[in-house]
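This is data-v3.csv (CSV, C-alpha atoms).
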chain,number,residue,atom,x,y,z
Z,1357,MET,CA,40.3,-11.6,-52.2
Z,1358,SER,CA,37.5,-9.3,-53.1
Z,1359,GLU,CA,34.1,-10.7,-53.5
Z,1360,SER,CA,31.6,-9.3,-56.0
Z,1361,ILE,CA,28.2,-8.5,-54.6
Z,1362,ASP,CA,25.2,-10.1,-56.3
Z,1363,PRO,CA,23.0,-7.0,-56.9
Z,1364,GLU,CA,19.8,-9.0,-56.2
Z,1365,VAL,CA,20.9,-10.3,-52.9
Z,1366,ALA,CA,23.0,-7.5,-51.6
Z,1367,GLY,CA,25.1,-8.2,-48.6
Z,1368,SER,CA,24.2,-11.9,-48.1
Z,1369,LYS,CA,27.8,-12.8,-47.6
Z,1370,THR,CA,30.4,-11.3,-45.3
Z,1371,SER,CA,33.9,-10.6,-46.6
Z,1372,VAL,CA,36.7,-8.3,-45.4
Z,1373,ASN,CA,36.6,-6.6,-48.7
Z,1374,THR,CA,32.9,-5.5,-48.8
Z,1375,GLY,CA,31.6,-2.1,-48.0
Z,1376,ARG,CA,28.6,0.1,-48.4
Z,1377,TYR,CA,28.9,3.5,-50.0
Z,1378,LEU,CA,26.7,5.7,-48.0
Z,1379,TYR,CA,24.5,8.4,-49.7
Z,1380,CYS,CA,22.3,9.5,-46.9
Z,1381,LEU,CA,20.0,8.4,-44.1
Z,1382,VAL,CA,16.3,8.4,-44.1
Z,1383,ALA,CA,13.5,8.2,-41.6
Z,1384,PHE,CA,10.2,6.5,-42.3
Z,1385,GLU,CA,7.2,5.0,-40.7
Z,1386,GLU,CA,8.1,2.1,-38.4
Z,1387,ARG,CA,7.8,-1.2,-40.1
Z,1388,GLU,CA,7.2,0.4,-43.5
Z,1389,LEU,CA,10.4,-1.4,-44.7
Z,1390,GLU,CA,12.0,-4.2,-42.9
Z,1391,GLU,CA,14.3,-5.8,-45.5
Z,1392,SER,CA,17.1,-4.3,-47.7
Z,1393,THR,CA,15.2,-2.8,-50.6
Z,1394,ARG,CA,16.3,-1.9,-54.1
Z,1395,LEU,CA,15.5,1.7,-54.9
Z,1396,ASP,CA,14.4,3.0,-58.2
Z,1397,VAL,CA,17.4,5.2,-58.8
Z,1398,SER,CA,20.9,4.5,-60.1
Z,1399,GLY,CA,23.9,5.6,-58.1
Z,1400,ILE,CA,27.5,6.5,-59.0
Z,1401,ASP,CA,28.7,4.6,-62.1
Z,1402,ASP,CA,25.1,3.3,-62.4
Z,1403,GLU,CA,25.5,1.1,-59.3
Z,1404,PRO,CA,22.2,-0.3,-58.0
Z,1405,VAL,CA,21.1,1.6,-54.9
Z,1406,PHE,CA,19.6,-0.1,-51.8
Z,1407,LEU,CA,17.9,1.1,-48.6
Z,1408,ILE,CA,19.1,-0.9,-45.6
Z,1409,PRO,CA,16.6,-0.3,-42.7
Z,1410,ALA,CA,17.8,-0.4,-39.1
Z,1411,ALA,CA,16.7,-3.2,-36.8
Z,1412,ASP,CA,13.9,-1.1,-35.4
Z,1413,ALA,CA,13.0,-0.2,-39.0
Z,1414,SER,CA,12.4,3.5,-38.5
Z,1415,ILE,CA,15.6,4.8,-40.0
Z,1416,GLY,CA,17.6,3.5,-42.9
Z,1417,ALA,CA,20.8,3.9,-44.8
Z,1418,VAL,CA,20.8,4.5,-48.6
Z,1419,VAL,CA,23.8,2.7,-50.1
Z,1420,HIS,CA,25.4,0.8,-52.9
Z,1421,ALA,CA,28.0,-1.9,-52.6
Z,1422,ARG,CA,31.5,-0.5,-52.7
Z,1423,PRO,CA,34.6,-1.8,-50.8
Z,1424,GLU,CA,36.5,1.5,-50.8
Z,1425,PRO,CA,36.1,5.2,-51.4
Z,1426,TYR,CA,36.3,6.7,-54.9
Z,1427,ASP,CA,39.5,8.4,-55.8
Z,1428,SER,CA,40.5,10.5,-58.8
Z,1429,SER,CA,42.4,13.6,-59.7
Z,1430,ASN,CA,40.2,14.1,-62.8
Z,1431,LEU,CA,37.9,17.0,-62.0
Z,1432,THR,CA,35.3,16.0,-64.5
Z,1433,LYS,CA,35.1,12.5,-63.1
Z,1434,LEU,CA,34.8,13.9,-59.6
Z,1435,ARG,CA,32.0,16.2,-60.7
Z,1436,ASP,CA,30.1,13.3,-62.3
Z,1437,TRP,CA,30.4,11.3,-59.1
Z,1438,LEU,CA,29.3,14.2,-57.0
Z,1439,LEU,CA,26.3,14.8,-59.3
Z,1440,ALA,CA,25.3,11.2,-59.2
Z,1441,HIS,CA,25.5,11.2,-55.4
Z,1442,GLN,CA,23.3,14.3,-55.3
Z,1443,ARG,CA,20.8,12.8,-57.7
Z,1444,VAL,CA,20.4,9.8,-55.4
Z,1445,VAL,CA,19.9,12.0,-52.4
Z,1446,GLU,CA,17.3,14.1,-54.2
Z,1447,ALA,CA,15.4,11.0,-55.4
Z,1448,VAL,CA,15.4,9.6,-51.9
Z,1449,GLY,CA,14.1,12.9,-50.6
Z,1450,ASP,CA,11.2,12.8,-53.1
Z,1451,ARG,CA,10.2,9.4,-51.7
Z,1452,PHE,CA,10.9,9.6,-48.0
Z,1453,GLY,CA,10.9,13.3,-47.2
Z,1454,THR,CA,14.0,15.2,-46.0
Z,1455,PRO,CA,17.0,12.9,-46.0
Z,1456,LEU,CA,20.0,13.3,-43.8
Z,1457,PRO,CA,22.8,13.8,-46.3
Z,1458,VAL,CA,26.2,12.2,-45.7
Z,1459,ARG,CA,29.5,13.7,-46.9
Z,1460,PHE,CA,30.4,12.6,-50.3
Z,1461,ASP,CA,32.6,9.5,-50.5
Z,1462,THR,CA,31.7,7.9,-47.2
Z,1463,VAL,CA,32.1,4.1,-47.2
Z,1464,LEU,CA,31.0,1.9,-44.3
Z,1465,GLN,CA,33.3,-1.2,-44.2
Z,1466,GLY,CA,31.4,-4.4,-44.1
Z,1467,ASP,CA,28.1,-5.7,-45.3
Z,1468,ASP,CA,24.4,-5.0,-44.7
Z,1469,GLU,CA,24.6,-6.3,-41.2
Z,1470,THR,CA,27.5,-4.0,-40.4
Z,1471,ALA,CA,25.5,-1.1,-41.7
Z,1472,ARG,CA,22.5,-2.1,-39.5
Z,1473,ASP,CA,24.9,-2.2,-36.5
Z,1474,TRP,CA,26.2,1.2,-37.4
Z,1475,LEU,CA,22.7,2.6,-37.5
Z,1476,ALA,CA,21.8,1.0,-34.2
Z,1477,ASN,CA,25.0,2.4,-32.6
Z,1478,HIS,CA,24.2,5.9,-33.7
Z,1479,VAL,CA,20.5,5.9,-33.4
Z,1480,ASP,CA,20.3,8.7,-30.8
Z,1481,ALA,CA,22.5,11.1,-32.9
Z,1482,ILE,CA,20.5,10.2,-36.0
Z,1483,ASP,CA,17.2,10.8,-34.3
Z,1484,ASP,CA,18.3,14.2,-33.0
Z,1485,ALA,CA,19.4,15.1,-36.5
Z,1486,PHE,CA,16.1,14.2,-38.0
Z,1487,ASP,CA,14.3,16.2,-35.3
Z,1488,THR,CA,16.1,19.2,-36.6
Z,1489,ILE,CA,15.5,18.6,-40.3
Z,1490,ALA,CA,12.2,16.8,-40.6
Z,1491,GLY,CA,9.9,18.7,-42.9
Z,1492,ARG,CA,12.5,21.2,-43.7
Z,1493,TRP,CA,14.7,21.8,-46.7
Z,1494,GLU,CA,17.7,23.9,-47.6
Z,1495,TYR,CA,17.4,26.9,-49.8
Z,1496,ARG,CA,20.4,29.0,-51.0
Z,1497,VAL,CA,20.4,32.7,-51.7
Z,1498,THR,CA,23.2,34.5,-53.6
Z,1499,LEU,CA,23.1,38.2,-53.2
Z,1500,SER,CA,24.7,40.2,-56.0
Z,1501,TRP,CA,25.0,44.0,-56.1
Z,1502,ASP,CA,26.0,46.2,-59.0
Z,1503,SER,CA,27.4,49.2,-57.1
Z,1504,THR,CA,27.7,51.5,-60.1
Z,1505,PRO,CA,24.4,53.4,-59.6
Z,1506,PHE,CA,25.1,53.8,-55.9
Z,1507,GLU,CA,28.6,55.2,-56.6
Z,1508,THR,CA,27.3,57.6,-59.2
Z,1509,GLU,CA,24.8,58.9,-56.7
Z,1510,GLN,CA,27.3,59.2,-53.9
Z,1511,ARG,CA,29.7,61.2,-56.2
Z,1512,ARG,CA,26.8,63.6,-56.7
Z,1513,THR,CA,25.5,63.8,-53.1
Z,1514,ASP,CA,28.1,62.9,-50.6
Z,1515,ALA,CA,29.4,66.0,-48.9
Z,1516,LYS,CA,33.0,64.9,-48.7
Z,1517,LEU,CA,33.1,63.8,-52.3
Z,1518,THR,CA,31.6,67.0,-53.6
Z,1519,ALA,CA,34.1,69.0,-51.5
Z,1520,ILE,CA,37.0,67.1,-53.0
Z,1521,ASP,CA,35.5,67.5,-56.5
Z,1522,GLU,CA,35.5,71.3,-56.0
Z,1523,GLN,CA,39.2,71.3,-55.1
Z,1524,LEU,CA,40.3,69.3,-58.0
Z,1525,ASP,CA,40.1,72.1,-60.7
Z,1526,GLU,CA,42.4,74.4,-58.8
Z,1527,ALA,CA,44.9,71.8,-57.5
Z,1528,GLY,CA,48.4,71.1,-58.9
Z,1529,GLN,CA,49.1,67.8,-60.5
Z,1530,GLY,CA,50.5,66.1,-57.4
Z,1531,THR,CA,47.8,67.5,-55.1
Z,1532,ASN,CA,45.2,66.4,-57.7
Z,1533,PHE,CA,46.6,62.9,-57.7
Z,1534,LEU,CA,46.3,62.6,-53.9
Z,1535,LEU,CA,42.9,64.2,-53.9
Z,1536,GLN,CA,41.8,61.6,-56.4
Z,1537,LYS,CA,43.1,58.9,-54.1
Z,1538,ARG,CA,41.2,60.4,-51.2
Z,1539,ALA,CA,38.0,60.4,-53.2
Z,1540,ASP,CA,38.6,56.8,-54.3
Z,1541,GLN,CA,39.1,55.8,-50.6
Z,1542,ARG,CA,35.9,57.7,-49.5
Z,1543,LEU,CA,33.9,56.0,-52.3
Z,1544,ARG,CA,35.3,52.6,-51.4
Z,1545,ASP,CA,34.4,53.1,-47.7
Z,1546,LEU,CA,30.8,54.2,-48.6
Z,1547,THR,CA,30.4,51.3,-51.0
Z,1548,ASN,CA,31.8,48.7,-48.5
Z,1549,GLN,CA,29.5,50.1,-45.8
Z,1550,ARG,CA,26.5,49.8,-48.1
Z,1551,ARG,CA,27.5,46.3,-49.1
Z,1552,ASP,CA,27.6,45.3,-45.4
Z,1553,GLU,CA,24.2,46.9,-44.8
Z,1554,LEU,CA,22.6,45.0,-47.7
Z,1555,LYS,CA,24.1,41.7,-46.4
Z,1556,GLN,CA,22.8,42.4,-42.9
Z,1557,GLU,CA,19.4,43.3,-44.2
Z,1558,LEU,CA,19.2,40.2,-46.3
Z,1559,ILE,CA,20.1,38.0,-43.3
Z,1560,GLU,CA,17.5,39.7,-41.1
Z,1561,ARG,CA,14.7,39.3,-43.6
Z,1562,LEU,CA,15.5,35.7,-44.3
Z,1563,GLY,CA,15.8,35.0,-40.6
Z,1564,THR,CA,12.1,35.6,-40.0
Z,1565,HIS,CA,11.2,32.7,-42.3
Z,1566,CYS,CA,13.6,30.0,-41.4
Z,1567,ALA,CA,14.7,27.6,-38.6
Z,1568,GLN,CA,18.4,28.1,-39.2
Z,1569,LEU,CA,20.5,30.3,-41.4
Z,1570,THR,CA,24.2,30.3,-42.2
Z,1571,GLU,CA,26.5,32.3,-44.4
Z,1572,ARG,CA,28.6,30.3,-46.8
Z,1573,PRO,CA,31.8,31.3,-48.5
Z,1574,ILE,CA,30.9,32.7,-51.9
Z,1575,GLN,CA,31.5,29.9,-54.4
Z,1576,SER,CA,30.0,28.1,-57.3
Z,1577,ASP,CA,28.3,25.0,-56.1
Z,1578,MET,CA,29.3,22.3,-58.5
Z,1579,ALA,CA,25.7,21.1,-58.9
Z,1580,GLU,CA,24.2,24.6,-59.1
Z,1581,SER,CA,26.7,26.0,-61.5
Z,1582,LEU,CA,25.9,23.9,-64.5
Z,1583,GLY,CA,25.8,26.5,-67.3
Z,1584,VAL,CA,25.5,29.3,-64.8
Z,1585,ASP,CA,28.4,31.4,-63.7
Z,1586,LEU,CA,28.6,33.1,-60.3
Z,1587,ARG,CA,28.4,36.8,-60.8
Z,1588,SER,CA,31.6,38.7,-60.1
Z,1589,ASP,CA,29.6,41.2,-58.0
Z,1590,ALA,CA,28.2,38.5,-55.7
Z,1591,ILE,CA,28.5,39.8,-52.1
Z,1592,ALA,CA,27.0,37.0,-50.0
Z,1593,GLN,CA,25.8,33.5,-50.1
Z,1594,VAL,CA,23.4,32.3,-47.4
Z,1595,ALA,CA,21.9,28.9,-46.8
Z,1596,VAL,CA,18.7,28.6,-44.9
Z,1597,LEU,CA,16.9,25.7,-43.4
Z,1598,ALA,CA,13.2,26.2,-43.8
Z,1599,ALA,CA,9.9,24.4,-43.9
Z,1600,ALA,CA,8.7,23.7,-47.4
Z,1601,GLU,CA,5.6,25.8,-46.6
Z,1602,ALA,CA,7.9,28.8,-46.0
Z,1603,GLU,CA,9.2,28.7,-49.6
Z,1604,SER,CA,6.8,31.2,-51.0
Z,1605,ALA,CA,7.2,33.6,-48.1
Z,1606,LEU,CA,11.0,33.4,-48.7
Z,1607,GLY,CA,10.5,34.1,-52.4
Z,1608,HIS,CA,8.2,37.0,-51.7
Z,1609,THR,CA,10.7,38.6,-49.3
Z,1610,LEU,CA,13.5,38.2,-51.8
Z,1611,ASP,CA,11.3,39.8,-54.5
Z,1612,GLU,CA,10.9,42.9,-52.4
Z,1613,PHE,CA,14.7,42.9,-51.9
Z,1614,THR,CA,15.4,43.0,-55.6
Z,1615,ASP,CA,13.5,46.3,-55.7
Z,1616,ILE,CA,16.7,47.9,-54.2
Z,1617,GLN,CA,18.7,49.4,-57.0
Z,1618,GLY,CA,21.5,47.3,-58.3
Z,1619,VAL,CA,20.5,44.2,-56.3
Z,1620,ASP,CA,20.1,40.8,-57.9
Z,1621,ILE,CA,19.1,37.6,-56.1
Z,1622,ARG,CA,19.6,34.0,-57.1
Z,1623,PHE,CA,17.3,31.7,-55.1
Z,1624,THR,CA,17.7,28.0,-55.4
Z,1625,GLY,CA,16.2,25.0,-53.7
Z,1626,PRO,CA,14.8,23.0,-52.1
Z,1627,TRP,CA,18.0,21.0,-51.5
Z,1628,PRO,CA,18.5,18.2,-49.1
Z,1629,PRO,CA,20.0,20.0,-46.0
Z,1630,TYR,CA,23.7,19.5,-46.9
Z,1631,THR,CA,24.8,22.5,-45.0
Z,1632,PHE,CA,22.8,21.7,-41.9
Z,1633,ALA,CA,23.4,18.0,-41.5
Z,1634,PRO,CA,25.4,17.3,-38.4
Z,1635,THR,CA,28.4,14.9,-38.7
Z,1636,ILE,CA,27.5,11.5,-37.3
Z,1637,THR,CA,30.9,10.4,-35.9
Z,1638,ASP,CA,32.2,7.2,-34.5
Z,1639,ASP,CA,33.5,8.6,-31.2
V,1273,MET,CA,50.2,28.9,-47.3
V,1274,THR,CA,51.3,28.7,-50.9
V,1275,LEU,CA,51.3,31.1,-53.8
V,1276,ALA,CA,51.4,29.1,-57.0
V,1277,ILE,CA,53.4,30.2,-59.9
V,1278,ASP,CA,51.5,29.2,-63.0
V,1279,GLU,CA,53.0,26.3,-65.1
V,1280,GLU,CA,52.9,28.5,-68.2
V,1281,THR,CA,54.9,31.3,-66.5
V,1282,ASP,CA,58.6,30.8,-66.3
V,1283,VAL,CA,60.2,31.1,-62.9
V,1284,GLN,CA,61.9,34.4,-63.7
V,1285,SER,CA,58.7,36.0,-64.9
V,1286,GLY,CA,56.9,34.6,-61.8
V,1287,LEU,CA,59.4,36.0,-59.5
V,1288,MET,CA,59.2,39.4,-61.2
V,1289,ALA,CA,55.4,39.3,-60.8
V,1290,LEU,CA,55.8,38.5,-57.1
V,1291,VAL,CA,58.3,41.3,-56.5
V,1292,VAL,CA,56.1,43.8,-58.5
V,1293,THR,CA,53.1,42.7,-56.5
V,1294,VAL,CA,54.9,43.5,-53.2
V,1295,VAL,CA,56.1,46.9,-54.6
V,1296,GLU,CA,52.6,47.7,-55.8
V,1297,LEU,CA,51.2,47.0,-52.3
V,1298,LEU,CA,53.8,49.1,-50.7
V,1299,VAL,CA,53.1,52.0,-53.0
V,1300,GLU,CA,49.4,51.7,-52.2
V,1301,ALA,CA,50.2,51.7,-48.5
V,1302,LEU,CA,52.3,54.9,-49.0
V,1303,GLU,CA,49.4,56.5,-50.8
V,1304,ARG,CA,47.0,55.7,-48.0
V,1305,GLU,CA,49.4,57.1,-45.4
V,1306,ALA,CA,49.8,60.3,-47.5
V,1307,VAL,CA,46.0,60.7,-47.8
V,1308,ARG,CA,45.7,60.1,-44.1
V,1309,ARG,CA,48.2,62.9,-43.3
V,1310,MET,CA,46.6,65.2,-45.8
V,1311,GLU,CA,43.2,64.7,-44.1
V,1312,LYS,CA,44.8,65.4,-40.7
V,1313,ASP,CA,46.3,68.6,-42.0
V,1314,ASN,CA,49.8,67.3,-41.2
V,1315,LEU,CA,51.3,68.4,-44.5
V,1316,SER,CA,51.8,71.8,-46.0
V,1317,ASP,CA,50.4,72.5,-49.5
V,1318,GLU,CA,53.9,72.2,-51.0
V,1319,GLU,CA,54.5,68.9,-49.2
V,1320,ILE,CA,51.2,67.5,-50.5
V,1321,GLU,CA,52.1,68.6,-54.1
V,1322,ARG,CA,55.6,67.1,-54.0
V,1323,LEU,CA,54.4,63.9,-52.3
V,1324,GLY,CA,51.6,63.6,-54.8
V,1325,GLN,CA,53.9,64.0,-57.8
V,1326,GLN,CA,56.4,61.4,-56.4
V,1327,LEU,CA,53.7,58.8,-55.7
V,1328,GLN,CA,52.2,59.4,-59.2
V,1329,ARG,CA,55.6,58.8,-60.8
V,1330,LEU,CA,56.0,55.6,-58.7
V,1331,GLU,CA,52.6,54.4,-59.7
V,1332,LYS,CA,53.2,55.1,-63.4
V,1333,GLU,CA,56.6,53.3,-63.2
V,1334,VAL,CA,55.0,50.2,-61.6
V,1335,GLU,CA,52.4,50.2,-64.4
V,1336,ARG,CA,55.0,50.5,-67.1
V,1337,LEU,CA,57.0,47.6,-65.5
V,1338,LYS,CA,53.9,45.4,-65.6
V,1339,THR,CA,53.2,46.2,-69.2
V,1340,ASP,CA,56.8,45.9,-70.4
V,1341,GLN,CA,57.2,42.5,-68.7
V,1342,GLY,CA,53.7,41.3,-69.6
V,1343,ILE,CA,52.9,40.4,-66.0
V,1344,GLU,CA,49.7,42.3,-65.4
V,1345,LYS,CA,47.6,39.1,-65.2
V,1346,ASP,CA,50.2,37.4,-62.9
V,1347,VAL,CA,50.3,40.4,-60.6
V,1348,GLY,CA,46.5,40.5,-60.5
V,1349,ARG,CA,46.3,36.8,-59.7
V,1350,PHE,CA,48.9,37.2,-56.9
V,1351,ARG,CA,46.9,40.0,-55.4
V,1352,THR,CA,43.7,38.0,-55.5
V,1353,GLU,CA,45.4,35.0,-53.8
V,1354,LEU,CA,46.9,37.2,-51.2
V,1355,ASP,CA,43.5,38.7,-50.5
V,1356,GLN,CA,42.1,35.2,-50.1
V,1357,LEU,CA,44.9,34.2,-47.8
V,1358,VAL,CA,44.3,37.2,-45.6
V,1359,ASP,CA,40.5,36.6,-45.6
V,1360,GLY,CA,41.1,33.0,-44.7
V,1361,ALA,CA,43.4,34.0,-41.8
V,1362,LEU,CA,40.9,36.5,-40.5
V,1363,ARG,CA,38.1,33.9,-40.6
V,1364,ASP,CA,40.4,31.5,-38.7
V,1365,VAL,CA,41.0,34.2,-36.0
V,1366,GLU,CA,37.3,34.9,-35.8
V,1367,THR,CA,36.5,31.2,-35.4
V,1368,GLU,CA,39.1,31.0,-32.7
V,1369,VAL,CA,37.7,34.0,-30.9
V,1370,ASN,CA,34.2,32.6,-31.1
V,1371,THR,CA,35.3,29.3,-29.8
V,1372,ASP,CA,37.1,30.8,-26.9
V,1373,GLU,CA,34.1,32.9,-25.8
Encoding of this model in structure tokens:
Amino acid sequence: MSESIDPEVAGSKTSVNTGRYLYCLVAFEERELEESTRLDVSGIDDEPVFLIPAADASIGAVVHARPEPYDSSNLTKLRDWLLAHQRVVEAVGDRFGTPLPVRFDTVLQGDDETARDWLANHVDAIDDAFDTIAGRWEYRVTLSWDSTPFETEQRRTDAKLTAIDEQLDEAGQGTNFLLQKRADQRLRDLTNQRRDELKQELIERLGTHCAQLTERPIQSDMAESLGVDLRSDAIAQVAVLAAAEAESALGHTLDEFTDIQGVDIRFTGPWPPYTFAPTITDD
Amino acid sequence: MTLAIDEETDVQSGLMALVVTVVELLVEALEREAVRRMEKDNLSDEEIERLGQQLQRLEKEVERLKTDQGIEKDVGRFRTELDQLVDGALRDVETEVNTDE
């Protein structure tokens, strides 16, 4: 038998069919909050969102009542849920500082008391995680590069390419075909090398301004891509964990980078540190 | 590892696209080998000319096949998926190597 949760008195009763959908964890001043507190943000499907503080009241879990994970094969629905999840995490970040995000669709079985026990059982791992992320946010950089100007210049200046070019006029049809393939290969090698150099240079420049950095697979982040398509010439996506104060230095470094011909940078953030949040496991 | 045949493509057309993808990749491998030998001066001028003409004919034939069967997009898609499969496999190997170190 499932029991509905009175939104004003969340978790006052225990039932095998109760649960808490977990958005993120927060750290705050001890004794700032001692009771389960309704937060001023709506969750997935407009569910009321609560903060459940741990027994020592220095960390807390942001939840709404939910007995089981969400499940749907409808991509639009999934995206709506994911966006609602992220809205809650961002609102919580605005109020409490950098939150520790939790993977989408995590449900703790049980009631508020169970959630408090869970926090107590994992307090060391949670404290370690907050040591890493406190005062820091995630920024994401997508590097795109239009290689056309580079290729045009290489055709004009690269010794091997100009040598092949000179042979083309006098060559027979078959030889011409293979010479063209040889030139294509040479240009591909030069372009790939330049692409790798640009990526490395970006990572080095970013590295001087951040605590952690990681390269992500190039993809459209569902939340980021609203109305904005990933460029087809995107060559790298990097996530950095940096102090809020480092944001303008990061931006300045990236501005300089865009002076390089053909380079385009997309710089987003601050985000809650989704990429850098360690998994808090039960083992 | 799976390569999906689009629902809108009938099975025969999908199979044809898969076969042509493999042929296209083979032809490209042959071209790369020919260029490599040309660069190493392993071929005479006549051999280069003959090989070049044959490969050019092969490439034209593959293009004609793609156009006639209307499978250019399917072949393009298979190639992209194969690239992603290979990239993924390489990343897995890299991760394993890094874990072992």
Up to 8 Å from chain V, what residues of chain Z turn up? Count all atoms listed in the file and give them as a ChimeraX atom specification.
/Z:1528-1535,1537-1538
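For the atom pair formed by CA of Val1382 (chain Z) and CA of Val1463 (chain Z), the distance is 16.7 Å, given to one decimal.
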For Leu1546 (chain Z), which residue out of Z:Glu1509, Z:Gln1442, Z:Ala1471, Z:Arg1376 is the nearest one, using all atoms listed in the file?
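Result for the nearest residue to Leu1546 (chain Z): Z:Glu1509.
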Please provide as JSON, numbers by chain all residues within 9 Å of His1420 (chain Z), with the sequence filter that same-chain residues fewer than 2 positions apart are discarded (counting all atoms listed in the file).
{"Z": [1366, 1375, 1376, 1377, 1378, 1379, 1399, 1400, 1403, 1404, 1405, 1406, 1407, 1418, 1422]}
Pick out the closest residue to Asp1611 (chain Z) from this set: Z:Phe1452, Z:Val1497, Z:Ile1574, Z:Ala1485. Count only C-alpha atoms.
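Answer, going by the shortest atom-to-atom distance: Z:Val1497.
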When you draw a straight line from CA of Ile1591 (chain Z) to CA of Leu1499 (chain Z), how long is it in Å?
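If I compute the distance from CA of Ile1591 (chain Z) to CA of Leu1499 (chain Z), I get 5.7 Å.
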Quick one: everything within 10 Å of Val1295 (chain V), counting all atoms listed in the file, minus sequence neighbours fewer than 5 positions away in the same chain. Send it as a list in words.
Ala1289, Leu1290, Glu1300, Ala1301, Leu1330, Glu1331 and Val1334 of chain V
What's the 12 Å shell around Arg1550 (chain Z), counting only C-alpha atoms, without same-chain residues fewer than 3 positions away, as a list of chain:residue names?
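Listing them by chain and then by number gives Z:Trp1501, Z:Asp1502, Z:Ser1503, Z:Phe1506, Z:Glu1507, Z:Gln1510, Z:Leu1543, Z:Arg1544, Z:Asp1545, Z:Leu1546, Z:Thr1547, Z:Glu1553, Z:Leu1554, Z:Lys1555, Z:Gln1556, Z:Glu1557, Z:Ile1591, Z:Ile1616, Z:Gln1617, Z:Gly1618, Z:Val1619.
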What's the separation between CA of Lys1433 (chain Z) and CA of Asp1401 (chain Z), in Å to one decimal place?
10.2 Å
Could you name the residues that touch Ile1520 (chain Z) at 7 Å or less, counting all atoms listed in the file, but leaving out those on the same chain fewer than 3 positions away, as a list of chain:residue names?
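Selected residues are Z:Lys1516, Z:Leu1517, Z:Gln1523, Z:Leu1524, Z:Leu1535, Z:Ala1539.
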Find the residues near Gly1360 (chain V): any atom within 12 Å, counting only C-alpha atoms, skip ones fewer than 6 places away on the same chain, and give them as a ChimeraX atom specification.
/Z:1573 /V:1273,1353-1354,1366-1367
Identify which of the residues Z:Val1445, Z:Cys1380, Z:Ala1602, Z:Ile1559 lies closest to Leu1475 (chain Z), counting all atoms listed in the file when measuring atom-to-atom distances.
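Going through Z:Val1445, Z:Cys1380, Z:Ala1602, Z:Ile1559 one by one, the smallest distance to Leu1475 (chain Z) is for Z:Cys1380.
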